[in-house]
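Undergrad: If it helps, the file is called model07.tsv and holds TSV, C-alpha atoms:
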chain	number	residue	atom	x	y	z
A	10	MET	CA	0.00	0.00	0.00
A	11	ALA	CA	1.09	3.56	-0.64
A	12	ARG	CA	1.84	5.74	2.34
A	13	ALA	CA	-0.54	8.44	3.47
A	14	ASN	CA	-0.28	11.54	1.33
A	15	PRO	CA	0.34	14.73	3.31
A	16	GLY	CA	0.19	16.79	0.15
A	17	ARG	CA	-3.59	16.59	-0.22
A	18	ALA	CA	-3.93	19.65	1.95
A	19	GLY	CA	-3.00	22.85	0.18
A	20	ALA	CA	-3.31	24.37	-3.26
A	21	GLY	CA	-2.97	22.07	-6.22
A	22	PHE	CA	-2.46	18.96	-4.06
A	23	SER	CA	1.27	19.82	-4.16
A	24	ASN	CA	3.60	18.63	-1.43
A	25	ILE	CA	7.04	18.86	-3.06
A	26	ASP	CA	8.94	22.08	-3.77
A	27	LEU	CA	10.88	21.74	-7.04
A	28	GLY	CA	11.60	25.44	-7.34
A	29	ALA	CA	15.33	25.31	-6.61
A	30	ALA	CA	15.97	22.53	-9.13
A	31	SER	CA	13.85	24.22	-11.77
A	32	THR	CA	15.33	27.68	-11.23
A	33	ALA	CA	18.85	26.30	-11.56
A	34	ALA	CA	17.86	24.85	-14.94
A	35	GLY	CA	16.19	28.07	-16.11
A	36	GLY	CA	12.65	26.89	-15.45
A	37	SER	CA	9.77	27.95	-13.20
A	38	PRO	CA	10.88	29.36	-9.80
A	39	ALA	CA	7.70	28.21	-8.06
A	40	LEU	CA	7.52	24.71	-9.56
A	41	ARG	CA	5.85	22.16	-7.30
A	42	GLY	CA	4.64	18.59	-7.50
A	43	TYR	CA	2.82	15.78	-5.77
A	44	LEU	CA	4.94	12.85	-4.58
A	45	ALA	CA	3.45	9.42	-3.84
A	46	ARG	CA	5.70	6.74	-2.33
A	47	PRO	CA	5.25	3.03	-1.82
A	48	ALA	CA	5.45	1.69	1.70
A	49	GLY	CA	8.88	0.55	2.81
A	50	ASP	CA	12.40	1.89	2.63
A	51	GLY	CA	13.08	1.41	-1.07
A	52	PRO	CA	14.76	2.19	-3.32
A	53	PHE	CA	11.96	1.98	-5.88
A	54	PRO	CA	11.67	2.39	-9.63
A	55	ALA	CA	10.42	5.87	-10.44
A	56	VAL	CA	7.69	7.39	-12.59
A	57	LEU	CA	7.32	11.02	-13.66
A	58	MET	CA	3.65	11.87	-14.16
A	59	ILE	CA	2.31	14.70	-16.37
A	60	HIS	CA	-1.23	15.92	-15.79
A	61	GLU	CA	-3.95	16.68	-18.31
A	62	ALA	CA	-4.99	20.13	-19.52
A	63	PHE	CA	-7.15	20.85	-16.44
A	64	GLY	CA	-4.07	20.63	-14.21
A	65	LEU	CA	-2.89	18.63	-11.23
A	66	ASP	CA	-6.22	17.64	-9.72
A	67	GLU	CA	-7.93	14.86	-7.80
A	68	ASN	CA	-7.63	12.50	-10.76
A	69	THR	CA	-3.87	13.11	-10.99
A	70	VAL	CA	-3.47	12.41	-7.28
A	71	ARG	CA	-5.43	9.17	-7.60
A	72	HIS	CA	-3.31	8.09	-10.57
A	73	ALA	CA	-0.10	8.81	-8.64
A	74	ASP	CA	-1.34	6.97	-5.56
A	75	ARG	CA	-2.26	4.01	-7.73
A	76	LEU	CA	1.24	3.75	-9.19
A	77	ALA	CA	2.76	4.11	-5.73
A	78	ALA	CA	0.64	1.20	-4.55
A	79	SER	CA	2.14	-0.80	-7.43
A	80	GLY	CA	5.66	-0.10	-6.21
A	81	TYR	CA	6.76	3.10	-7.98
A	82	VAL	CA	7.84	6.35	-6.36
A	83	THR	CA	5.76	8.71	-8.45
A	84	LEU	CA	6.22	12.44	-8.92
A	85	ALA	CA	3.33	14.32	-10.55
A	86	VAL	CA	4.80	17.65	-11.60
A	87	ASP	CA	2.44	20.65	-11.56
A	88	LEU	CA	3.11	22.57	-14.77
A	89	TYR	CA	0.69	25.28	-13.64
A	90	SER	CA	2.16	25.85	-10.17
A	91	ASP	CA	4.05	28.98	-11.23
A	92	GLY	CA	1.03	31.17	-11.99
A	93	GLY	CA	-2.04	28.92	-11.95
A	94	ALA	CA	-3.97	27.22	-14.74
A	95	ARG	CA	-5.53	30.39	-16.17
A	96	ARG	CA	-2.14	32.03	-16.58
A	97	CYS	CA	-0.14	28.96	-17.58
A	98	LEU	CA	-2.46	26.91	-19.80
A	99	VAL	CA	-1.88	28.84	-23.03
A	100	ALA	CA	1.88	29.05	-22.52
A	101	THR	CA	2.08	25.35	-21.69
A	102	MET	CA	0.05	24.35	-24.74
A	103	ARG	CA	2.26	26.56	-26.92
A	104	SER	CA	5.30	24.84	-25.48
A	105	LEU	CA	3.76	21.46	-26.32
A	106	ALA	CA	3.02	22.54	-29.89
A	107	ALA	CA	6.54	23.90	-30.35
A	108	GLY	CA	8.27	20.97	-28.71
A	109	ALA	CA	10.35	23.37	-26.64
A	110	GLY	CA	10.02	25.94	-23.87
A	111	ARG	CA	9.71	26.29	-20.12
A	112	ALA	CA	7.40	23.29	-19.67
A	113	PHE	CA	10.11	20.99	-21.04
A	114	THR	CA	12.69	22.61	-18.76
A	115	ASP	CA	10.38	22.02	-15.81
A	116	LEU	CA	9.86	18.38	-16.74
A	117	ALA	CA	13.60	17.82	-17.10
A	118	ALA	CA	14.17	19.44	-13.70
A	119	ALA	CA	11.49	17.25	-12.11
A	120	ARG	CA	13.02	14.13	-13.65
A	121	ALA	CA	16.46	15.10	-12.33
A	122	TRP	CA	15.04	15.85	-8.86
A	123	LEU	CA	13.38	12.45	-8.74
A	124	LEU	CA	16.51	10.56	-9.78
A	125	GLU	CA	18.67	12.53	-7.35
A	126	SER	CA	16.26	12.09	-4.44
A	127	GLY	CA	17.96	8.93	-3.19
A	128	GLN	CA	14.63	7.08	-3.35
A	129	THR	CA	14.96	5.39	-6.74
A	130	THR	CA	16.71	2.44	-8.34
A	131	GLY	CA	17.73	4.59	-11.30
A	132	LYS	CA	15.02	3.13	-13.52
A	133	ILE	CA	12.46	5.75	-14.51
A	134	GLY	CA	9.33	5.88	-16.61
A	135	VAL	CA	7.08	8.70	-17.75
A	136	ILE	CA	3.30	8.68	-17.92
A	137	GLY	CA	0.97	11.36	-19.24
A	138	PHE	CA	-2.72	11.96	-19.72
A	139	CYS	CA	-4.34	14.17	-22.39
A	140	MET	CA	-1.99	17.16	-22.68
A	141	GLY	CA	0.43	15.23	-20.50
A	142	GLY	CA	0.29	12.32	-22.90
A	143	GLY	CA	1.52	14.62	-25.64
A	144	PHE	CA	4.41	15.74	-23.46
A	145	ALA	CA	5.20	12.13	-22.51
A	146	LEU	CA	5.52	11.26	-26.19
A	147	LEU	CA	7.90	14.14	-26.86
A	148	ILE	CA	10.24	13.37	-23.95
A	149	ALA	CA	10.17	9.58	-24.24
A	150	HIS	CA	13.60	9.72	-25.91
A	151	ASP	CA	15.11	11.83	-23.14
A	152	GLY	CA	16.53	9.40	-20.57
A	153	PHE	CA	13.44	7.36	-19.77
A	154	ASP	CA	13.24	3.57	-19.68
A	155	ALA	CA	9.52	3.28	-20.48
A	156	ALA	CA	6.63	5.58	-21.37
A	157	ALA	CA	2.86	5.34	-20.98
A	158	VAL	CA	0.83	7.64	-23.21
A	159	ASN	CA	-2.88	8.04	-22.57
A	160	TYR	CA	-4.95	9.84	-25.21
A	161	GLY	CA	-2.04	12.15	-26.00
A	162	LYS	CA	-1.77	14.27	-29.12
A	163	ILE	CA	0.60	12.98	-31.78
A	164	PRO	CA	3.21	15.52	-32.97
A	165	LYS	CA	2.86	16.92	-36.48
A	166	ASP	CA	6.32	15.62	-37.29
A	167	PRO	CA	6.42	12.04	-35.98
A	168	GLY	CA	10.14	11.95	-36.74
A	169	VAL	CA	10.75	13.68	-33.39
A	170	LEU	CA	9.80	10.38	-31.74
A	171	ALA	CA	12.89	8.62	-33.08
A	172	GLY	CA	14.95	7.00	-30.34
A	173	SER	CA	12.04	6.82	-27.90
A	174	CYS	CA	11.97	4.26	-25.11
A	175	PRO	CA	9.33	1.48	-25.29
A	176	ILE	CA	5.84	3.00	-25.35
A	177	VAL	CA	2.46	1.71	-24.25
A	178	ALA	CA	-0.49	3.83	-25.35
A	179	ASN	CA	-4.23	3.83	-24.69
A	180	PHE	CA	-6.81	5.68	-26.77
A	181	GLY	CA	-10.60	5.84	-26.86
A	182	GLY	CA	-12.54	4.90	-29.96
A	183	ARG	CA	-15.24	7.47	-29.08
A	184	ASP	CA	-12.72	10.27	-28.58
A	185	ARG	CA	-13.65	12.92	-31.14
A	186	THR	CA	-10.67	15.06	-30.20
A	187	LEU	CA	-8.14	12.49	-31.48
A	188	PRO	CA	-9.60	10.69	-34.51
A	189	GLU	CA	-7.60	7.63	-35.64
A	190	ALA	CA	-4.83	8.57	-33.22
A	191	ALA	CA	-4.01	4.97	-32.26
A	192	ASP	CA	-3.47	3.89	-35.87
A	193	LYS	CA	-1.46	7.01	-36.69
A	194	LEU	CA	0.84	6.58	-33.69
A	195	ALA	CA	1.34	2.87	-34.37
A	196	ALA	CA	2.27	3.60	-37.99
A	197	ALA	CA	4.71	6.32	-36.94
A	198	LEU	CA	6.44	4.15	-34.34
A	199	ASP	CA	6.56	1.19	-36.73
A	200	GLY	CA	8.39	3.37	-39.22
A	201	LEU	CA	10.86	4.54	-36.59
A	202	GLY	CA	11.51	1.11	-35.14
A	203	VAL	CA	10.30	2.12	-31.67
A	204	GLU	CA	8.97	-0.69	-29.49
A	205	HIS	CA	5.29	-0.07	-28.76
A	206	ASP	CA	1.99	-1.55	-27.64
A	207	ILE	CA	-0.96	0.60	-28.67
A	208	GLN	CA	-4.65	-0.11	-28.15
A	209	GLU	CA	-7.87	1.70	-28.88
A	210	PHE	CA	-10.81	0.96	-26.60
A	211	ALA	CA	-13.95	1.08	-28.73
A	212	ALA	CA	-16.36	2.09	-25.96
A	213	ALA	CA	-14.09	4.68	-24.34
A	214	GLY	CA	-13.64	8.38	-24.99
A	215	HIS	CA	-11.08	11.01	-24.04
A	216	ALA	CA	-9.96	11.07	-20.39
A	217	PHE	CA	-11.47	7.62	-19.82
A	218	LEU	CA	-8.94	6.72	-17.11
A	219	ASN	CA	-10.23	9.48	-14.84
A	220	GLU	CA	-12.34	8.40	-11.89
A	221	VAL	CA	-14.27	11.65	-11.58
A	222	PRO	CA	-15.38	14.17	-14.27
A	223	VAL	CA	-13.28	17.27	-14.82
A	224	GLY	CA	-13.88	20.80	-16.01
A	225	PRO	CA	-16.65	23.32	-15.35
A	226	ARG	CA	-19.99	21.69	-14.59
A	227	LEU	CA	-21.74	23.77	-17.23
A	228	LEU	CA	-19.53	22.25	-19.91
A	229	ARG	CA	-19.81	18.62	-18.87
A	230	PRO	CA	-22.83	17.87	-21.09
A	231	LEU	CA	-20.74	19.08	-24.04
A	232	TYR	CA	-17.83	16.92	-22.92
A	233	ARG	CA	-20.09	13.87	-22.94
A	234	VAL	CA	-21.15	14.64	-26.52
A	235	MET	CA	-17.46	14.94	-27.47
A	236	GLY	CA	-16.70	11.61	-25.84
A	237	ILE	CA	-14.83	12.98	-22.82
A	238	GLY	CA	-15.12	11.37	-19.39
A	239	PRO	CA	-14.53	8.33	-17.19
A	240	ASP	CA	-15.16	4.82	-18.49
A	241	PRO	CA	-14.97	2.34	-15.59
A	242	GLN	CA	-15.44	-0.57	-17.98
A	243	SER	CA	-12.38	0.15	-20.13
A	244	ALA	CA	-10.09	1.66	-17.48
A	245	PRO	CA	-9.09	-1.56	-15.66
A	246	GLU	CA	-7.69	-3.18	-18.81
A	247	ALA	CA	-5.87	0.02	-19.76
A	248	TRP	CA	-4.30	0.25	-16.32
A	249	GLN	CA	-3.28	-3.42	-16.49
A	250	ARG	CA	-1.49	-2.69	-19.74
A	251	ILE	CA	0.37	0.19	-18.06
A	252	ASP	CA	1.22	-1.99	-15.05
A	253	ASP	CA	2.56	-4.78	-17.26
A	254	HIS	CA	4.60	-2.35	-19.35
A	255	PHE	CA	6.22	-0.63	-16.39
A	256	ALA	CA	6.88	-3.93	-14.62
A	257	ARG	CA	8.63	-5.27	-17.72
A	258	HIS	CA	10.88	-2.26	-18.21
A	259	LEU	CA	11.31	-0.67	-14.79
A	260	LYS	CA	11.40	-3.49	-12.27
A	261	ASP	CA	14.39	-5.79	-11.88
A	262	PRO	CA	13.85	-9.19	-13.50
A	263	PRO	CA	13.42	-12.10	-11.06
A	264	SER	CA	16.62	-13.90	-10.18
A	265	ALA	CA	17.23	-17.46	-11.37
A	266	GLY	CA	15.28	-20.07	-9.45
A	267	ARG	CA	12.36	-17.82	-8.52
How does this structure look as structure tokens?
TA:
Amino acid sequence: MARANPGRAGAGFSNIDLGAASTAAGGSPALRGYLARPAGDGPFPAVLMIHEAFGLDENTVRHADRLAASGYVTLAVDLYSDGGARRCLVATMRSLAAGAGRAFTDLAAARAWLLESGQTTGKIGVIGFCMGGGFALLIAHDGFDAAAVNYGKIPKDPGVLAGSCPIVANFGGRDRTLPEAADKLAAALDGLGVEHDIQEFAAAGHAFLNEVPVGPRLLRPLYRVMGIGPDPQSAPEAWQRIDDHFARHLKDPPSAGR
């Protein structure tokens, strides 16, 4: 079981100050994150988590706690902590579209902090959801051992994915925001020779791994029409695929005789 999470109190569910590491790298001075640890002394394999467009919220915390319960020290970095979602969303999305900018500096600083924390085995994965899935794709080549991409946008130039670590990806067949994304990503990774396991869940939409709906209540009927929201039927299989992928690439193989 994961340890209790003291970071649930306070703005943005953040409990880790990454500001010094980020500032030293030229990133956000007020960068924060949510850290979830497995029980025990460790060290543990690590996972860097990147939230969806609505920010580091209750769903992000639940995702991080879930991975911690599976044996990974998990750092969910809050890309909006230095100014809030209203101020940071546009700049962060521009950074994603450009493939460069402060958001990438912040993610690199968070990765370095996690590996230098003394809590990890040195194996590290990255997982992202929605906007975060797009970021996870773009940094999968940058020192990670495995990546999990959930309904993330595919870059216009798929060539930037060359040299990526093994990728598992989950998409929703009812997701109108990412039509044919699973097939497009599979074709791109096939052409680049990147190891991958991609699946589209026919009954699921965008953000189907969330446990609770997100966004303004007034817009939620529109989100349902667009195929956005939790799908408790598809989510367990998607999570099992993530668990299997991370276990294969991040956990030490069993010794002979086990």
Undergrad: Select, from A:Leu116, A:Ile207, A:Ala73, A:Ala45, the residue with the minimum atom-to-atom distance to Ile25 of chain A, counting all atoms listed in the file.
TA: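 Closest candidate: A:Ala45.
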Undergrad: Quick one: everything within 10 Å of Asp184 of chain A, counting all atoms listed in the file, minus sequence neighbours fewer than 5 positions away in the same chain. Send it as a list in words.
TA: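 What passes the distance filter is Tyr160, Glu189, Ala190, Glu209, Phe210, Ala211, Ala212, Ala213, Gly214, His215, Ala216, Phe217, Arg233, Val234, Met235, Gly236, Ile237 and Gly238 of chain A.
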Undergrad: Do a neighbour search on Ala145 of chain A at 10 Å with all atoms listed in the file, toss out local chain neighbours closer than 3 positions, and write the hits as a PyMOL selection string.
TA: chain A and resi 57-59+116+134-142+148-151+153+156-159+161-162+176
Undergrad: Considering all atoms listed in the file, return as a list in words whatever protein or nucleic-acid residues lie within 9 Å of Ala106 of chain A, sequence-local ones (same chain, fewer than 4 positions apart) excluded.
TA: Thr101, Met102, Pro164 and Lys165 of chain A
Undergrad: I need the residue nearest Gly168 of chain A from this list: A:Ala191, A:Ala196, A:Ala77, A:Leu44. Use all atoms listed in the file for the distance.
TA: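 Selected residue with least distance to Gly168 of chain A: A:Ala196.
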Undergrad: Could you tell me which of A:Pro230, A:Gly49, A:Ala118, A:His72 comes closest to Asp252 of chain A if we count all atoms listed in the file?
TA: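 Using all atoms listed in the file, the shortest distance to Asp252 of chain A belongs to A:His72.
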Undergrad: Which residue gives the smallest distance to Thr129 of chain A among A:Asp199, A:Asp253, A:Asp50, A:Asp66, with all atoms listed in the file counted?
TA: A:Asp50
Undergrad: Identify which of the residues A:Thr186, A:Thr83, A:Gln208, A:Asn219 lies closest to Ala55 of chain A, counting all atoms listed in the file when measuring atom-to-atom distances.
TA: A:Thr83
Undergrad: Compile the contact shell of segment 30-40 of chain A as an MDAnalysis selection string: residues with an atom at most 9 Å away, counting only C-alpha atoms, same-chain residues fewer than 2 positions apart removed.
TA: chainID A and resid 25:28 42 86:92 110:119 121:122
Undergrad: Name the closest residue to Asp74 of chain A among the candidates A:Leu146, A:Ala48, A:Val169, A:Cys174; distances are taken between atoms, counting only C-alpha atoms.
TA: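 So, comparing all the options, the nearest one is A:Ala48.
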Undergrad: Please report the interatomic distance between atom CA of Phe144 of chain A and atom CA of Arg257 of chain A in Å with one decimal.
TA: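 Value for the atom CA of Phe144 of chain A-atom CA of Arg257 of chain A distance: 22.2 Å.
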Undergrad: Find the distance between atom CA of Gln249 of chain A and atom CA of Glu204 of chain A and write it in Å to one decimal.
TA: 18.1 Å
Undergrad: Where atoms are absent from segment 157-168 of chain A, fill them in so it carries all heavy atoms, then output it as a PDB file, in the frame of the given file.
TA:
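Listed below is the output, part.pdb:
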ATOM      1  N   ALA A 157       4.276   5.677 -20.860  1.00  0.00           N
ATOM      2  CA  ALA A 157       2.860   5.340 -20.980  1.00  0.00           C
ATOM      3  C   ALA A 157       2.117   6.581 -21.430  1.00  0.00           C
ATOM      4  O   ALA A 157       2.129   7.603 -20.742  1.00  0.00           O
ATOM      5  CB  ALA A 157       2.301   4.835 -19.648  1.00  0.00           C
ATOM      6  N   VAL A 158       1.496   6.499 -22.588  1.00  0.00           N
ATOM      7  CA  VAL A 158       0.830   7.640 -23.210  1.00  0.00           C
ATOM      8  C   VAL A 158      -0.666   7.364 -23.259  1.00  0.00           C
ATOM      9  O   VAL A 158      -1.105   6.382 -23.867  1.00  0.00           O
ATOM     10  CB  VAL A 158       1.372   7.868 -24.636  1.00  0.00           C
ATOM     11  CG1 VAL A 158       0.601   8.984 -25.328  1.00  0.00           C
ATOM     12  CG2 VAL A 158       2.865   8.171 -24.589  1.00  0.00           C
ATOM     13  N   ASN A 159      -1.437   8.228 -22.628  1.00  0.00           N
ATOM     14  CA  ASN A 159      -2.880   8.040 -22.570  1.00  0.00           C
ATOM     15  C   ASN A 159      -3.590   9.201 -23.245  1.00  0.00           C
ATOM     16  O   ASN A 159      -3.511  10.331 -22.787  1.00  0.00           O
ATOM     17  CB  ASN A 159      -3.331   7.908 -21.109  1.00  0.00           C
ATOM     18  CG  ASN A 159      -2.650   6.729 -20.442  1.00  0.00           C
ATOM     19  OD1 ASN A 159      -2.935   5.579 -20.757  1.00  0.00           O
ATOM     20  ND2 ASN A 159      -1.716   7.004 -19.540  1.00  0.00           N
ATOM     21  N   TYR A 160      -4.231   8.871 -24.382  1.00  0.00           N
ATOM     22  CA  TYR A 160      -4.950   9.840 -25.210  1.00  0.00           C
ATOM     23  C   TYR A 160      -4.178  11.144 -25.373  1.00  0.00           C
ATOM     24  O   TYR A 160      -4.698  12.246 -25.169  1.00  0.00           O
ATOM     25  CB  TYR A 160      -6.382  10.094 -24.699  1.00  0.00           C
ATOM     26  CG  TYR A 160      -6.583   9.928 -23.200  1.00  0.00           C
ATOM     27  CD1 TYR A 160      -6.414  10.976 -22.311  1.00  0.00           C
ATOM     28  CD2 TYR A 160      -6.944   8.687 -22.679  1.00  0.00           C
ATOM     29  CE1 TYR A 160      -6.592  10.813 -20.963  1.00  0.00           C
ATOM     30  CE2 TYR A 160      -7.136   8.508 -21.314  1.00  0.00           C
ATOM     31  CZ  TYR A 160      -6.949   9.580 -20.455  1.00  0.00           C
ATOM     32  OH  TYR A 160      -7.131   9.413 -19.111  1.00  0.00           O
ATOM     33  N   GLY A 161      -2.892  10.994 -25.762  1.00  0.00           N
ATOM     34  CA  GLY A 161      -2.040  12.150 -26.000  1.00  0.00           C
ATOM     35  C   GLY A 161      -1.976  12.511 -27.468  1.00  0.00           C
ATOM     36  O   GLY A 161      -2.045  11.642 -28.348  1.00  0.00           O
ATOM     37  N   LYS A 162      -1.833  13.796 -27.747  1.00  0.00           N
ATOM     38  CA  LYS A 162      -1.770  14.270 -29.120  1.00  0.00           C
ATOM     39  C   LYS A 162      -0.473  13.857 -29.783  1.00  0.00           C
ATOM     40  O   LYS A 162       0.603  13.957 -29.199  1.00  0.00           O
ATOM     41  CB  LYS A 162      -1.898  15.799 -29.149  1.00  0.00           C
ATOM     42  CG  LYS A 162      -1.963  16.383 -30.547  1.00  0.00           C
ATOM     43  CD  LYS A 162      -2.144  17.893 -30.505  1.00  0.00           C
ATOM     44  CE  LYS A 162      -2.202  18.478 -31.910  1.00  0.00           C
ATOM     45  NZ  LYS A 162      -2.378  19.960 -31.892  1.00  0.00           N
ATOM     46  N   ILE A 163      -0.569  13.409 -31.026  1.00  0.00           N
ATOM     47  CA  ILE A 163       0.600  12.980 -31.780  1.00  0.00           C
ATOM     48  C   ILE A 163       1.244  14.199 -32.435  1.00  0.00           C
ATOM     49  O   ILE A 163       0.544  15.037 -33.014  1.00  0.00           O
ATOM     50  CB  ILE A 163       0.188  11.958 -32.853  1.00  0.00           C
ATOM     51  CG1 ILE A 163      -0.509  10.772 -32.179  1.00  0.00           C
ATOM     52  CG2 ILE A 163       1.390  11.482 -33.653  1.00  0.00           C
ATOM     53  CD1 ILE A 163      -1.206   9.861 -33.142  1.00  0.00           C
ATOM     54  N   PRO A 164       2.565  14.344 -32.368  1.00  0.00           N
ATOM     55  CA  PRO A 164       3.210  15.520 -32.970  1.00  0.00           C
ATOM     56  C   PRO A 164       3.035  15.552 -34.486  1.00  0.00           C
ATOM     57  O   PRO A 164       2.918  14.512 -35.141  1.00  0.00           O
ATOM     58  CB  PRO A 164       4.685  15.348 -32.583  1.00  0.00           C
ATOM     59  CG  PRO A 164       4.836  13.899 -32.271  1.00  0.00           C
ATOM     60  CD  PRO A 164       3.534  13.446 -31.709  1.00  0.00           C
ATOM     61  N   LYS A 165       3.016  16.763 -35.039  1.00  0.00           N
ATOM     62  CA  LYS A 165       2.860  16.920 -36.480  1.00  0.00           C
ATOM     63  C   LYS A 165       3.986  16.245 -37.247  1.00  0.00           C
ATOM     64  O   LYS A 165       3.776  15.697 -38.331  1.00  0.00           O
ATOM     65  CB  LYS A 165       2.781  18.414 -36.848  1.00  0.00           C
ATOM     66  CG  LYS A 165       1.524  19.105 -36.357  1.00  0.00           C
ATOM     67  CD  LYS A 165       1.502  20.568 -36.785  1.00  0.00           C
ATOM     68  CE  LYS A 165       0.232  21.254 -36.320  1.00  0.00           C
ATOM     69  NZ  LYS A 165       0.186  22.694 -36.730  1.00  0.00           N
ATOM     70  N   ASP A 166       5.178  16.306 -36.689  1.00  0.00           N
ATOM     71  CA  ASP A 166       6.320  15.620 -37.290  1.00  0.00           C
ATOM     72  C   ASP A 166       6.657  14.403 -36.442  1.00  0.00           C
ATOM     73  O   ASP A 166       7.357  14.509 -35.433  1.00  0.00           O
ATOM     74  CB  ASP A 166       7.526  16.562 -37.355  1.00  0.00           C
ATOM     75  CG  ASP A 166       8.778  15.859 -37.873  1.00  0.00           C
ATOM     76  OD1 ASP A 166       8.649  14.736 -38.412  1.00  0.00           O
ATOM     77  OD2 ASP A 166       9.875  16.435 -37.742  1.00  0.00           O
ATOM     78  N   PRO A 167       6.166  13.226 -36.802  1.00  0.00           N
ATOM     79  CA  PRO A 167       6.420  12.040 -35.980  1.00  0.00           C
ATOM     80  C   PRO A 167       7.887  11.661 -35.916  1.00  0.00           C
ATOM     81  O   PRO A 167       8.284  10.853 -35.066  1.00  0.00           O
ATOM     82  CB  PRO A 167       5.586  10.954 -36.669  1.00  0.00           C
ATOM     83  CG  PRO A 167       5.377  11.425 -38.055  1.00  0.00           C
ATOM     84  CD  PRO A 167       5.351  12.916 -37.986  1.00  0.00           C
ATOM     85  N   GLY A 168       8.713  12.242 -36.782  1.00  0.00           N
ATOM     86  CA  GLY A 168      10.140  11.950 -36.740  1.00  0.00           C
ATOM     87  C   GLY A 168      10.793  12.331 -35.432  1.00  0.00           C
ATOM     88  O   GLY A 168      11.847  11.780 -35.093  1.00  0.00           O
TER      89      GLY A 168
END
